[in-house]
>>> print(open('final19.txt').read())   # compact mmCIF, C-alpha atoms
# COMPACT_ATOMS: atom_id res chain seq x y z
CA MET A 1 157.97 105.06 163.33
CA PRO A 2 159.87 105.41 160.03
CA ARG A 3 159.89 102.96 157.15
CA VAL A 4 163.43 101.78 156.43
CA ILE A 5 164.65 100.75 152.97
CA ALA A 6 168.09 99.21 152.47
CA ALA A 7 170.55 100.58 149.92
CA ASP A 8 170.33 97.61 147.53
CA GLU A 9 166.53 97.74 147.50
CA TRP A 10 166.58 101.45 146.84
CA ASP A 11 169.00 100.99 143.97
CA LEU A 12 166.35 98.84 142.26
CA VAL A 13 163.64 101.46 142.90
CA ASP A 14 165.89 104.28 141.69
CA ARG A 15 166.78 102.52 138.44
CA GLY A 16 163.20 101.41 137.85
CA VAL A 17 161.69 104.86 138.36
CA GLN A 18 164.30 106.51 136.12
CA GLN A 19 163.58 103.96 133.39
CA ARG A 20 159.84 104.45 133.70
CA VAL A 21 160.08 108.23 133.46
CA ARG A 22 162.35 108.07 130.40
CA ALA A 23 159.91 105.74 128.64
CA LEU A 24 156.92 107.94 129.46
CA GLU A 25 158.82 111.04 128.26
CA ALA A 26 159.43 109.32 124.93
CA PHE A 27 155.79 108.24 124.72
CA LEU A 28 154.44 111.75 125.33
CA ALA A 29 156.83 113.28 122.79
CA ASP A 30 155.71 110.67 120.27
CA VAL A 31 151.97 110.93 120.93
CA TYR A 32 152.02 114.72 120.59
CA GLY A 33 154.44 114.54 117.67
CA ALA A 34 155.18 111.90 115.05
CA GLY A 35 152.85 109.23 116.47
CA GLU A 36 155.14 106.31 115.55
CA VAL A 37 154.03 104.28 118.58
CA LEU A 38 150.49 104.37 117.19
CA ARG A 39 151.48 103.52 113.62
CA ASP A 40 153.56 100.58 114.86
CA GLY A 41 150.62 99.26 116.87
CA ILE A 42 152.39 99.24 120.23
CA VAL A 43 149.46 101.16 121.69
CA PRO A 44 146.17 101.20 119.76
CA ARG A 45 145.32 104.66 118.46
CA GLU A 46 141.79 104.36 119.83
CA VAL A 47 143.12 103.83 123.35
CA VAL A 48 145.02 107.13 123.18
CA VAL A 49 142.47 109.36 121.49
CA THR A 50 139.63 108.18 123.75
CA SER A 51 141.57 109.03 126.92
CA ARG A 52 139.91 111.92 128.77
CA HIS A 53 143.34 113.45 129.39
CA PHE A 54 144.56 113.37 125.79
CA HIS A 55 144.48 116.98 124.58
CA ARG A 56 144.91 117.84 120.92
CA GLU A 57 145.74 121.38 122.09
CA ALA A 58 149.13 120.01 123.18
CA TYR A 59 150.00 118.67 119.72
CA GLY A 60 153.14 120.24 118.32
CA ILE A 61 154.19 122.07 121.50
CA GLU A 62 157.91 121.33 121.81
CA PRO A 63 159.49 121.96 125.23
CA PRO A 64 162.85 123.79 124.87
CA ASN A 65 164.88 121.04 126.55
CA GLY A 66 162.56 118.18 125.58
CA VAL A 67 161.21 117.65 129.10
CA ARG A 68 157.48 117.21 129.63
CA ILE A 69 157.63 115.35 132.94
CA HIS A 70 159.55 117.74 135.13
CA VAL A 71 158.13 116.12 138.29
CA SER A 72 156.68 112.64 138.62
CA GLY A 73 155.41 110.41 141.39
CA ILE A 74 155.43 106.67 140.60
CA ASP A 75 153.32 104.63 143.04
CA LEU A 76 154.82 101.28 144.06
CA VAL A 77 153.65 98.37 146.18
CA ARG A 78 155.53 95.34 147.43
CA ASP A 79 153.69 92.13 146.55
CA GLU A 80 153.40 88.78 148.33
CA ALA A 81 156.82 87.74 147.06
CA GLY A 82 158.45 90.92 148.37
CA ARG A 83 158.93 92.38 144.88
CA PHE A 84 158.23 96.04 144.14
CA ARG A 85 155.59 96.56 141.46
CA VAL A 86 154.28 99.76 139.86
CA LEU A 87 150.70 100.49 140.91
CA GLU A 88 150.20 103.67 138.87
CA ASP A 89 151.99 106.64 137.30
CA ASN A 90 151.44 110.28 138.26
CA VAL A 91 152.89 112.67 135.69
CA ARG A 92 150.21 115.38 135.57
CA VAL A 93 150.29 117.25 138.87
CA PRO A 94 151.80 114.80 141.38
CA SER A 95 151.44 115.88 144.99
CA GLY A 96 152.68 114.73 148.38
CA VAL A 97 156.32 115.77 148.51
CA SER A 98 155.49 118.26 151.27
CA TYR A 99 154.69 115.26 153.49
CA VAL A 100 158.17 113.91 152.77
CA ILE A 101 159.77 117.19 153.79
CA GLU A 102 157.63 117.74 156.89
CA ASN A 103 157.85 114.12 158.07
CA ARG A 104 161.63 114.33 157.89
CA ARG A 105 161.66 117.63 159.77
CA ALA A 106 159.55 116.08 162.54
CA LEU A 107 161.75 113.03 162.93
CA THR A 108 165.02 114.94 162.89
CA ARG A 109 163.70 116.85 165.89
CA VAL A 110 162.45 113.76 167.73
CA PHE A 111 165.29 111.34 166.91
CA PRO A 112 168.39 113.45 166.13
CA GLU A 113 170.74 110.76 167.44
CA ALA A 114 169.21 108.16 165.12
CA PHE A 115 170.18 110.22 162.07
CA ALA A 116 173.71 110.55 163.42
CA THR A 117 174.15 106.77 163.58
CA SER A 118 171.87 105.29 160.89
CA ARG A 119 173.35 106.81 157.69
CA VAL A 120 169.98 107.98 156.37
CA LEU A 121 170.13 109.68 152.97
CA PRO A 122 168.79 113.25 153.18
CA VAL A 123 165.76 114.69 151.40
CA SER A 124 167.03 118.25 151.80
CA GLY A 125 168.05 118.52 148.15
CA TYR A 126 164.56 118.38 146.67
CA ALA A 127 163.80 122.09 146.41
CA ASN A 128 167.19 122.85 144.90
CA ARG A 129 166.80 120.05 142.36
CA LEU A 130 163.31 121.16 141.43
CA LEU A 131 164.32 124.79 140.97
CA ALA A 132 167.33 123.79 138.88
CA ALA A 133 165.10 121.63 136.65
CA LEU A 134 162.57 124.42 136.22
CA ARG A 135 165.27 126.95 135.35
CA ALA A 136 166.82 124.48 132.89
CA ALA A 137 163.44 124.26 131.14
CA ALA A 138 163.32 127.99 130.34
CA PRO A 139 162.72 129.20 126.76
CA ALA A 140 165.76 129.56 124.53
CA GLY A 141 167.70 132.76 125.02
CA VAL A 142 166.50 133.34 128.60
CA ASP A 143 169.54 133.21 130.87
CA ASP A 144 167.85 134.27 134.10
CA PRO A 145 164.29 132.92 133.95
CA THR A 146 161.48 133.97 136.26
CA VAL A 147 159.86 130.87 137.77
CA VAL A 148 156.49 130.91 139.55
CA VAL A 149 154.32 128.32 141.27
CA LEU A 150 150.72 128.55 140.03
CA THR A 151 148.16 127.47 142.66
CA PRO A 152 144.36 127.24 142.51
CA GLY A 153 144.28 129.07 145.84
CA VAL A 154 143.85 128.55 149.56
CA PHE A 155 140.81 126.30 149.23
CA ASN A 156 142.76 123.62 147.36
CA SER A 157 143.61 120.59 149.48
CA ALA A 158 147.30 120.75 148.47
CA TYR A 159 147.69 124.51 149.02
CA PHE A 160 150.11 123.97 151.90
CA GLU A 161 152.43 122.12 149.52
CA HIS A 162 152.21 124.85 146.89
CA ALA A 163 153.14 127.51 149.44
CA LEU A 164 155.91 125.39 150.97
CA LEU A 165 157.60 124.66 147.64
CA ALA A 166 157.40 128.29 146.51
CA ARG A 167 158.97 129.40 149.79
CA LEU A 168 161.73 126.78 149.72
CA MET A 169 162.60 127.56 146.10
CA GLY A 170 162.48 131.31 146.74
CA VAL A 171 159.99 131.98 143.94
CA GLU A 172 156.58 133.65 143.76
CA LEU A 173 153.39 131.79 144.58
CA VAL A 174 150.70 133.10 142.23
CA GLU A 175 147.09 132.50 141.28
CA GLY A 176 145.67 132.79 137.80
CA ARG A 177 144.47 136.35 138.42
CA ASP A 178 148.06 137.41 139.16
CA LEU A 179 149.07 136.52 135.59
CA PHE A 180 148.08 137.94 132.22
CA CYS A 181 149.10 137.36 128.61
CA ALA A 182 150.00 139.92 125.97
CA GLY A 183 151.59 139.19 122.61
CA ASN A 184 151.77 135.47 123.43
CA ARG A 185 153.89 136.21 126.48
CA VAL A 186 153.02 135.73 130.14
CA TYR A 187 153.44 138.49 132.71
CA MET A 188 153.02 138.70 136.46
CA ALA A 189 151.41 141.75 138.01
CA THR A 190 153.51 143.06 140.90
CA THR A 191 153.51 146.23 143.00
CA SER A 192 156.44 147.49 140.94
CA GLY A 193 154.82 146.78 137.59
CA GLU A 194 154.50 143.87 135.19
CA ARG A 195 157.22 141.26 135.15
CA PRO A 196 157.73 138.59 132.44
CA VAL A 197 157.29 134.97 133.49
CA HIS A 198 159.23 132.22 131.73
CA VAL A 199 158.46 129.00 133.62
CA VAL A 200 155.17 128.15 135.33
CA TYR A 201 155.24 125.22 137.75
CA ARG A 202 151.53 124.74 137.63
CA ARG A 203 149.55 122.89 140.28
CA ILE A 204 146.31 123.22 138.31
CA ASP A 205 144.77 120.49 136.16
CA ASP A 206 144.62 120.99 132.39
CA ASP A 207 140.87 121.61 132.37
CA PHE A 208 141.25 124.71 134.55
CA LEU A 209 144.51 126.05 133.10
CA ASP A 210 143.30 128.24 130.21
CA PRO A 211 139.65 129.26 129.72
CA VAL A 212 140.41 130.03 126.07
CA HIS A 213 141.00 126.34 125.33
CA PHE A 214 139.34 124.45 128.18
CA LYS A 215 136.65 125.29 130.77
CA PRO A 216 135.52 128.79 129.73
CA ASP A 217 134.17 129.59 133.19
CA SER A 218 137.37 128.71 135.09
CA ALA A 219 138.79 131.55 137.14
CA LEU A 220 141.80 129.49 138.23
CA GLY A 221 143.98 129.69 135.15
CA CYS A 222 145.34 132.37 132.84
CA PRO A 223 143.65 133.13 129.49
CA GLY A 224 146.12 132.73 126.64
CA ILE A 225 148.80 130.77 128.51
CA VAL A 226 148.51 127.78 126.14
CA ASN A 227 149.11 130.02 123.12
CA ALA A 228 152.14 131.49 124.89
CA ALA A 229 153.49 127.98 125.46
CA ARG A 230 152.90 127.10 121.80
CA ALA A 231 154.76 130.25 120.77
CA GLY A 232 157.72 129.15 122.91
CA HIS A 233 157.66 132.13 125.28
CA VAL A 234 156.69 130.23 128.43
CA VAL A 235 157.16 126.66 129.66
CA LEU A 236 154.44 124.78 131.54
CA ALA A 237 155.72 122.29 134.08
CA ASN A 238 154.40 119.67 133.93
CA ALA A 239 153.48 119.88 130.27
CA LEU A 240 149.95 120.17 128.95
CA GLY A 241 148.43 116.80 128.03
CA ASN A 242 150.63 114.64 130.25
CA GLY A 243 147.52 113.04 131.71
CA VAL A 244 147.27 110.62 128.80
CA ALA A 245 150.25 108.82 130.36
CA ASP A 246 148.38 108.69 133.70
CA ASP A 247 145.43 106.87 132.14
CA LYS A 248 145.29 103.49 133.85
CA LEU A 249 144.62 101.73 130.56
CA ILE A 250 147.78 103.29 129.08
CA TYR A 251 149.53 102.10 132.27
CA SER A 252 148.98 98.52 131.15
CA TYR A 253 151.09 99.22 128.04
CA VAL A 254 154.07 100.86 129.81
CA PRO A 255 156.20 97.67 129.93
CA ASP A 256 155.80 97.50 126.14
CA LEU A 257 156.75 101.19 125.90
CA VAL A 258 159.94 100.52 127.86
CA ARG A 259 160.90 97.81 125.38
CA TYR A 260 159.85 99.89 122.36
CA TYR A 261 161.60 103.16 123.23
CA LEU A 262 164.53 102.02 125.38
CA ALA A 263 165.17 98.47 124.12
CA GLU A 264 165.32 97.36 127.76
CA GLU A 265 163.36 95.01 129.96
CA PRO A 266 161.34 96.76 132.68
CA VAL A 267 163.17 96.97 135.99
CA LEU A 268 159.89 97.34 137.89
CA PRO A 269 156.96 95.21 136.68
CA ASN A 270 153.34 96.32 136.62
CA VAL A 271 150.61 94.76 138.69
CA ASP A 272 148.84 92.25 136.43
CA THR A 273 146.08 94.17 134.63
CA TYR A 274 143.00 93.13 132.63
CA ARG A 275 141.95 95.34 129.68
CA LEU A 276 138.19 95.22 129.57
CA GLY A 277 137.85 96.31 125.94
CA ASP A 278 138.46 92.68 124.94
CA PRO A 279 135.06 90.86 125.14
CA ASP A 280 136.61 87.58 126.34
CA VAL A 281 138.64 89.31 129.02
CA ARG A 282 135.61 91.36 130.06
CA GLU A 283 133.47 88.24 130.43
CA HIS A 284 136.19 86.60 132.55
CA VAL A 285 136.41 89.66 134.81
CA LEU A 286 132.64 90.00 135.20
CA GLU A 287 132.50 86.39 136.36
CA ARG A 288 135.11 87.19 139.05
CA LEU A 289 134.04 90.67 140.16
CA GLY A 290 134.01 89.61 143.79
CA GLU A 291 137.67 88.54 143.62
CA LEU A 292 139.25 91.51 141.79
CA VAL A 293 139.93 95.22 142.18
CA LEU A 294 138.19 97.44 139.60
CA LYS A 295 139.60 100.91 138.95
CA PRO A 296 138.30 103.75 136.76
CA VAL A 297 141.01 104.63 134.27
CA ASP A 298 140.89 108.36 135.06
CA GLY A 299 140.31 108.00 138.79
CA SER A 300 142.55 109.66 141.36
CA GLY A 301 142.74 109.57 145.13
CA GLY A 302 141.04 106.18 145.17
CA LYS A 303 137.79 107.62 143.76
CA GLY A 304 135.56 105.01 142.20
CA LEU A 305 137.83 102.11 143.14
CA VAL A 306 135.99 98.91 144.12
CA ILE A 307 137.74 96.12 146.03
CA GLY A 308 135.67 93.05 145.14
CA PRO A 309 136.22 90.98 148.31
CA GLN A 310 135.13 93.96 150.44
CA ALA A 311 132.13 94.99 148.31
CA ASP A 312 128.51 94.04 148.94
CA GLU A 313 126.15 92.67 146.28
CA PRO A 314 124.45 95.99 145.40
CA THR A 315 127.89 97.58 144.86
CA LEU A 316 129.00 94.73 142.61
CA ALA A 317 125.74 94.85 140.65
CA ASP A 318 126.16 98.58 140.09
CA LEU A 319 129.78 98.01 139.07
CA ARG A 320 128.77 95.33 136.58
CA ALA A 321 126.34 97.71 134.90
CA LYS A 322 128.99 100.44 134.67
CA VAL A 323 131.58 98.10 133.16
CA GLU A 324 129.12 96.75 130.58
CA ALA A 325 128.07 100.29 129.65
CA ASP A 326 131.62 101.63 129.22
CA PRO A 327 134.40 98.99 129.29
CA ARG A 328 137.04 101.57 128.22
CA ALA A 329 136.52 103.39 131.52
CA TRP A 330 137.77 100.50 133.69
CA ILE A 331 140.67 98.16 134.35
CA ALA A 332 140.74 95.15 136.63
CA GLN A 333 143.59 93.85 138.76
CA PRO A 334 144.02 91.03 141.26
CA VAL A 335 143.99 92.05 144.91
CA VAL A 336 147.61 92.71 145.81
CA THR A 337 148.41 91.78 149.40
CA MET A 338 150.44 94.90 150.09
CA SER A 339 153.37 94.73 152.49
CA THR A 340 152.98 96.03 156.03
CA VAL A 341 155.21 98.04 158.35
CA PRO A 342 155.00 98.63 162.12
CA THR A 343 152.70 101.55 162.85
CA PHE A 344 151.81 103.08 166.21
CA THR A 345 148.06 102.83 166.84
CA ASP A 346 145.72 103.15 169.81
CA ASP A 347 146.50 99.48 170.52
CA GLY A 348 150.27 99.93 170.35
CA PHE A 349 152.45 98.91 167.41
CA ARG A 350 150.50 97.02 164.76
CA PRO A 351 151.17 96.08 161.10
CA ARG A 352 149.53 98.39 158.57
CA HIS A 353 149.55 98.22 154.77
CA VAL A 354 151.69 100.74 152.87
CA ASP A 355 152.64 101.83 149.39
CA LEU A 356 155.52 104.04 148.26
CA ARG A 357 155.55 107.11 146.00
CA PRO A 358 159.11 108.00 144.93
CA PHE A 359 159.34 111.48 143.41
CA ALA A 360 161.58 112.09 140.40
CA VAL A 361 162.81 115.37 138.93
CA ASN A 362 163.95 115.59 135.30
CA ASP A 363 166.23 118.47 134.31
CA GLY A 364 166.79 117.25 130.75
CA GLU A 365 170.17 115.75 131.57
CA ARG A 366 169.25 113.32 134.31
CA VAL A 367 166.20 111.89 136.06
CA TRP A 368 166.94 112.32 139.77
CA VAL A 369 164.91 110.28 142.27
CA LEU A 370 164.42 111.74 145.74
CA PRO A 371 165.87 109.14 148.15
CA GLY A 372 162.91 108.08 150.25
CA GLY A 373 159.69 109.32 148.76
CA LEU A 374 156.28 109.19 150.38
CA THR A 375 155.18 106.12 152.28
CA ARG A 376 151.39 106.19 152.57
CA VAL A 377 149.74 104.10 155.28
CA ALA A 378 146.27 102.57 155.45
CA LEU A 379 145.61 103.31 159.12
CA GLY A 380 142.57 101.05 159.56
CA ARG A 381 143.09 97.42 160.47
CA GLY A 382 143.07 95.34 157.27
CA GLU A 383 142.45 98.44 155.13
CA LEU A 384 144.11 98.48 151.68
CA VAL A 385 143.36 102.05 150.55
CA VAL A 386 146.18 104.38 151.56
CA ASN A 387 144.93 107.67 150.06
CA SER A 388 144.63 110.55 152.50
CA SER A 389 141.16 111.30 151.13
CA ARG A 390 140.14 107.85 152.37
CA GLY A 391 141.70 108.21 155.85
CA GLY A 392 145.28 107.20 155.06
CA GLY A 393 148.36 108.60 156.77
CA SER A 394 152.04 108.85 155.93
CA LYS A 395 155.47 107.92 157.27
CA ASP A 396 158.98 109.22 156.97
CA THR A 397 160.92 106.93 154.62
CA TRP A 398 164.55 106.25 155.48
CA VAL A 399 166.81 105.11 152.68
CA LEU A 400 170.07 103.84 154.13
CA ALA A 401 173.27 104.82 152.34
CA ALA A 402 175.47 102.13 150.87
CA GLU A 403 178.86 101.58 152.41
CA GLY A 404 181.29 104.25 151.34
CA VAL A 405 178.59 106.75 150.32
CA PRO A 406 179.00 110.01 152.30
CA VAL A 407 175.84 111.47 153.81
CA ALA A 408 177.08 114.04 156.34
CA GLU A 409 177.28 117.02 153.96
CA GLY A 410 173.64 116.79 152.97
CA ILE A 411 172.23 115.79 156.34
CA ASP A 412 168.74 117.09 157.09
CA HIS A 413 168.54 119.84 159.70
CA PRO A 414 165.20 120.51 161.43
CA GLU A 415 165.96 124.21 161.61
CA ALA A 416 165.93 124.40 157.81
CA GLY A 417 162.40 123.02 157.57
CA GLY A 418 163.66 119.92 155.81
CA THR A 419 165.52 121.67 152.99
CA ALA A 420 167.76 124.63 152.42
CA LEU A 421 166.72 127.75 150.55
CA PRO A 422 168.50 127.99 147.19
CA PRO A 423 170.49 131.14 146.52
CA ARG A 424 168.83 133.63 144.18
CA PRO A 425 170.80 134.83 141.16
CA SER A 426 172.51 138.11 141.95
CA SER A 427 170.76 139.78 139.02
CA ALA A 428 167.27 138.78 140.13
CA PRO A 429 165.22 141.23 142.22
CA ASP A 430 163.92 140.12 145.60
CA PRO A 431 160.38 138.80 145.33
CA GLY A 432 157.54 140.66 146.93
CA PRO A 433 154.98 139.01 149.17
CA ALA A 434 153.24 136.12 147.44
CA ASP A 435 149.55 136.59 146.75
CA LEU A 436 147.88 133.94 148.92
CA ARG A 437 144.28 134.76 148.08
CA GLY A 438 141.89 132.09 146.87
CA THR A 439 139.01 132.15 144.42
CA GLU A 440 137.44 128.71 144.12
CA GLN A 441 138.18 125.12 144.91
CA GLN A 442 139.86 123.01 142.25
CA GLN A 443 137.67 120.07 141.27
>>> encode(input="final19.txt", output="structure tokens")
Amino acid sequence: MPRVIAADEWDLVDRGVQQRVRALEAFLADVYGAGEVLRDGIVPREVVVTSRHFHREAYGIEPPNGVRIHVSGIDLVRDEAGRFRVLEDNVRVPSGVSYVIENRRALTRVFPEAFATSRVLPVSGYANRLLAALRAAAPAGVDDPTVVVLTPGVFNSAYFEHALLARLMGVELVEGRDLFCAGNRVYMATTSGERPVHVVYRRIDDDFLDPVHFKPDSALGCPGIVNAARAGHVVLANALGNGVADDKLIYSYVPDLVRYYLAEEPVLPNVDTYRLGDPDVREHVLERLGELVLKPVDGSGGKGLVIGPQADEPTLADLRAKVEADPRAWIAQPVVTMSTVPTFTDDGFRPRHVDLRPFAVNDGERVWVLPGGLTRVALGRGELVVNSSRGGGSKDTWVLAAEGVPVAEGIDHPEAGGTALPPRPSSAPDPGPADLRGTEQQQ
């Protein structure tokens, strides 16, 4: 049962996500450059430098086309008043677009006549858009860049997505051991010899990317790849250090960043957020722990999240001790009564809570938002956590085209697996078989 979003509602989401990405791009360029946002006091310097995902190793690395957030996933919820609000930003290694592609492929097979009559915008352009953005990010002077997808290996929970995107883009899927650096350049070992690599769409967290600069015992990354990026010979997508913009405490400042960098009012508001570094705010939150949602600022996949009304006394007591010990590590938010959509369950169709993750691709000229995105569903009755790691599911998301907007040329075909393969440049050699071996699980 798909989730359906009308054209006017999607226009709001599209504009809001574009605005958010542009503001976060400006923030990252500033934080790892001039630092004006810190000097002007828009975001306290201490908040940035104490973020676990702020990496001084990224300072001064200038992407060739100015793009650090090549791919983003902005999580939205609809509140009690029916208004979309931003729940969190994902600009490190956002995942889930494979669900969008595969859900659409499934529904085009099951309900082909519905797509012929409902004017549903296609998702088939994603791989082409992503490849174009990655090629546009290539180092200066490289007209025909080699793009690869860097995966931690088969034991990673998102490995299917890594393999799918590499196949749909027509590029190599590699692991860290397939790459090596020499002279601050990155090469890929192939059966026909070494081949220079210019753009790495990496699906590996910063901490595992380069054992020279980060975890010295990581076998997932490529030694020297950060130095190659600093020298301008390879581009990392997404950029090193983007995680500081994912920090949930930084999230609370994003509306101010929109006003500061873009001189605009935010199209999509945040969920109201309490910053626990302020003693008065912290005391207020601790008095209401049983009414609020507490989130670790560097949590992902719902890890560490505590929903006060659903927590028992021992859990709340443990939470209180953690907050008092390290207030910087937490934010608090009111419980948002997320919207529901009809979902088929063992008891028939029932309402289930959902959120929405639109994916955006930035090629340096335009931030393009995939029409639809990932609708995640909390499958349990009354459950509010939609993450797949906590038992959540997903839905196909139908964005209806506005009147007069043609959709037939880009219609999704199930035979294409949800998207068409992009043509390879005539000068590029055919890729060999991708190395699908695995070494260790990404943490």
>>> closest_residue(input="final19.txt", among="A:Ile101, A:Val21, A:Met338, A:Val142", to="A:Pro266", atoms="only C-alpha atoms")
A:Val21
>>> residues_around(input="final19.txt", residues="A:Phe180", least_positions_apart="6", cutoff="8 Å", atoms="only C-alpha atoms", output="compact mmCIF listing (two decimals) with C-alpha atoms, in the frame of the given file")
# COMPACT_ATOMS: atom_id res chain seq x y z
CA VAL A 186 153.02 135.73 130.14
CA TYR A 187 153.44 138.49 132.71
CA MET A 188 153.02 138.70 136.46
CA ALA A 189 151.41 141.75 138.01
CA CYS A 222 145.34 132.37 132.84
CA PRO A 223 143.65 133.13 129.49
CA GLY A 224 146.12 132.73 126.64
>>> closest_residue(input="final19.txt", among="A:Val297, A:Leu379, A:Leu150, A:Ile69", to="A:Ser51", atoms="all atoms listed in the file")
A:Val297
>>> residues_near_point(input="final19.txt", point="(168.1, 103.1, 126.0)", cutoff="12 Å", atoms="all atoms listed in the file", output="MDAnalysis selection string")
chainID A and resid 18:20 22:23 26 257:266
>>> write_last_selection(input="final19.txt", atoms="C-alpha atoms", output="compact mmCIF listing (two decimals), in the frame of the given file")
# COMPACT_ATOMS: atom_id res chain seq x y z
CA GLN A 18 164.30 106.51 136.12
CA GLN A 19 163.58 103.96 133.39
CA ARG A 20 159.84 104.45 133.70
CA ARG A 22 162.35 108.07 130.40
CA ALA A 23 159.91 105.74 128.64
CA ALA A 26 159.43 109.32 124.93
CA LEU A 257 156.75 101.19 125.90
CA VAL A 258 159.94 100.52 127.86
CA ARG A 259 160.90 97.81 125.38
CA TYR A 260 159.85 99.89 122.36
CA TYR A 261 161.60 103.16 123.23
CA LEU A 262 164.53 102.02 125.38
CA ALA A 263 165.17 98.47 124.12
CA GLU A 264 165.32 97.36 127.76
CA GLU A 265 163.36 95.01 129.96
CA PRO A 266 161.34 96.76 132.68
>>> residues_around(input="final19.txt", residues="A:Gly290", least_positions_apart="3", cutoff="12 Å", atoms="all atoms listed in the file", output="ChimeraX atom specification")
/A:284-287,293-294,306-317,319-320,332-335
>>> atom_distance(input="final19.txt", atom1="atom CA of A:Pro371", atom2="atom CA of A:Arg109")
19.5 Å
>>> axis_aligned_box(input="final19.txt", around="stretch 188-200 of chain A", padding_each_side="4 Å", output="AutoDock Vina command-line options")
--center_x 155.3 --center_y 137.8 --center_z 137.4 --size_x 15.8 --size_y 27.3 --size_z 19.3
>>> residues_around(input="final19.txt", residues="stretch 347-349 of chain A", least_positions_apart="4", cutoff="12 Å", atoms="all atoms listed in the file", output="MDAnalysis selection string")
chainID A and resid 1 340:343 379:381
>>> residues_around(input="final19.txt", residues="A:Asp247", least_positions_apart="6", cutoff="9 Å", atoms="only C-alpha atoms", output="PyMOL selection string")
chain A and resi 48+51-53+88-89+297-299
>>> closest_residue(input="final19.txt", among="A:Arg104, A:Glu62, A:Ile331, A:Ile5", to="A:Ile250", atoms="all atoms listed in the file")
A:Ile331
>>> atom_distance(input="final19.txt", atom1="atom CA of A:Ser95", atom2="atom CA of A:Trp10")
21.0 Å
>>> closest_residue(input="final19.txt", among="A:Asn65, A:Thr345, A:Ser98, A:Asn242", to="A:Ala158", atoms="only C-alpha atoms")
A:Ser98
>>> residues_around(input="final19.txt", residues="A:Glu80", least_positions_apart="5", cutoff="8 Å", atoms="only C-alpha atoms", output="short mmCIF file (atom, residue, chain, number, x, y, z; two decimals) with C-alpha atoms, in the coordinates of the input")
data_model
loop_
_atom_site.label_atom_id
_atom_site.label_comp_id
_atom_site.auth_asym_id
_atom_site.auth_seq_id
_atom_site.Cartn_x
_atom_site.Cartn_y
_atom_site.Cartn_z
CA VAL A 336 147.61 92.71 145.81
CA THR A 337 148.41 91.78 149.40
CA MET A 338 150.44 94.90 150.09
CA SER A 339 153.37 94.73 152.49
#
>>> closest_residue(input="final19.txt", among="A:Val385, A:Ala401, A:Val367, A:Val354", to="A:Gly304", atoms="only C-alpha atoms")
A:Val385
>>> closest_residue(input="final19.txt", among="A:Asn90, A:Asn270, A:Ser72, A:Ser124", to="A:Asn362", atoms="all atoms listed in the file")
A:Ser72
>>> atom_distance(input="final19.txt", atom1="atom CA of A:His162", atom2="atom CA of A:Arg202")
9.3 Å
>>> build_atoms(input="final19.txt", residues="stretch 343-354 of chain A", atoms="N, CA and C atoms", output="PDB file, keeping the file's coordinate frame")
ATOM      1  N   THR A 343     153.341 100.238 162.757  1.00  0.00           N
ATOM      2  CA  THR A 343     152.700 101.550 162.850  1.00  0.00           C
ATOM      3  C   THR A 343     152.106 101.704 164.247  1.00  0.00           C
ATOM      4  N   PHE A 344     152.332 102.854 164.860  1.00  0.00           N
ATOM      5  CA  PHE A 344     151.810 103.080 166.210  1.00  0.00           C
ATOM      6  C   PHE A 344     150.326 103.422 166.133  1.00  0.00           C
ATOM      7  N   THR A 345     149.499 102.638 166.825  1.00  0.00           N
ATOM      8  CA  THR A 345     148.060 102.830 166.840  1.00  0.00           C
ATOM      9  C   THR A 345     147.582 102.959 168.288  1.00  0.00           C
ATOM     10  N   ASP A 346     146.278 103.087 168.458  1.00  0.00           N
ATOM     11  CA  ASP A 346     145.720 103.150 169.810  1.00  0.00           C
ATOM     12  C   ASP A 346     145.982 101.869 170.582  1.00  0.00           C
ATOM     13  N   ASP A 347     146.231 100.777 169.876  1.00  0.00           N
ATOM     14  CA  ASP A 347     146.500  99.480 170.520  1.00  0.00           C
ATOM     15  C   ASP A 347     147.977  99.158 170.564  1.00  0.00           C
ATOM     16  N   GLY A 348     148.840 100.167 170.378  1.00  0.00           N
ATOM     17  CA  GLY A 348     150.270  99.930 170.350  1.00  0.00           C
ATOM     18  C   GLY A 348     150.756  99.735 168.920  1.00  0.00           C
ATOM     19  N   PHE A 349     151.895  99.118 168.746  1.00  0.00           N
ATOM     20  CA  PHE A 349     152.450  98.910 167.410  1.00  0.00           C
ATOM     21  C   PHE A 349     151.740  97.749 166.734  1.00  0.00           C
ATOM     22  N   ARG A 350     151.222  98.021 165.527  1.00  0.00           N
ATOM     23  CA  ARG A 350     150.500  97.020 164.760  1.00  0.00           C
ATOM     24  C   ARG A 350     150.929  97.113 163.290  1.00  0.00           C
ATOM     25  N   PRO A 351     150.846  96.020 162.535  1.00  0.00           N
ATOM     26  CA  PRO A 351     151.170  96.080 161.100  1.00  0.00           C
ATOM     27  C   PRO A 351     150.071  96.802 160.333  1.00  0.00           C
ATOM     28  N   ARG A 352     150.472  97.689 159.436  1.00  0.00           N
ATOM     29  CA  ARG A 352     149.530  98.390 158.570  1.00  0.00           C
ATOM     30  C   ARG A 352     150.062  98.391 157.135  1.00  0.00           C
ATOM     31  N   HIS A 353     149.152  98.295 156.169  1.00  0.00           N
ATOM     32  CA  HIS A 353     149.550  98.220 154.770  1.00  0.00           C
ATOM     33  C   HIS A 353     150.074  99.573 154.281  1.00  0.00           C
ATOM     34  N   VAL A 354     151.056  99.517 153.385  1.00  0.00           N
ATOM     35  CA  VAL A 354     151.690 100.740 152.870  1.00  0.00           C
ATOM     36  C   VAL A 354     151.933 100.621 151.370  1.00  0.00           C
TER      37      VAL A 354
END
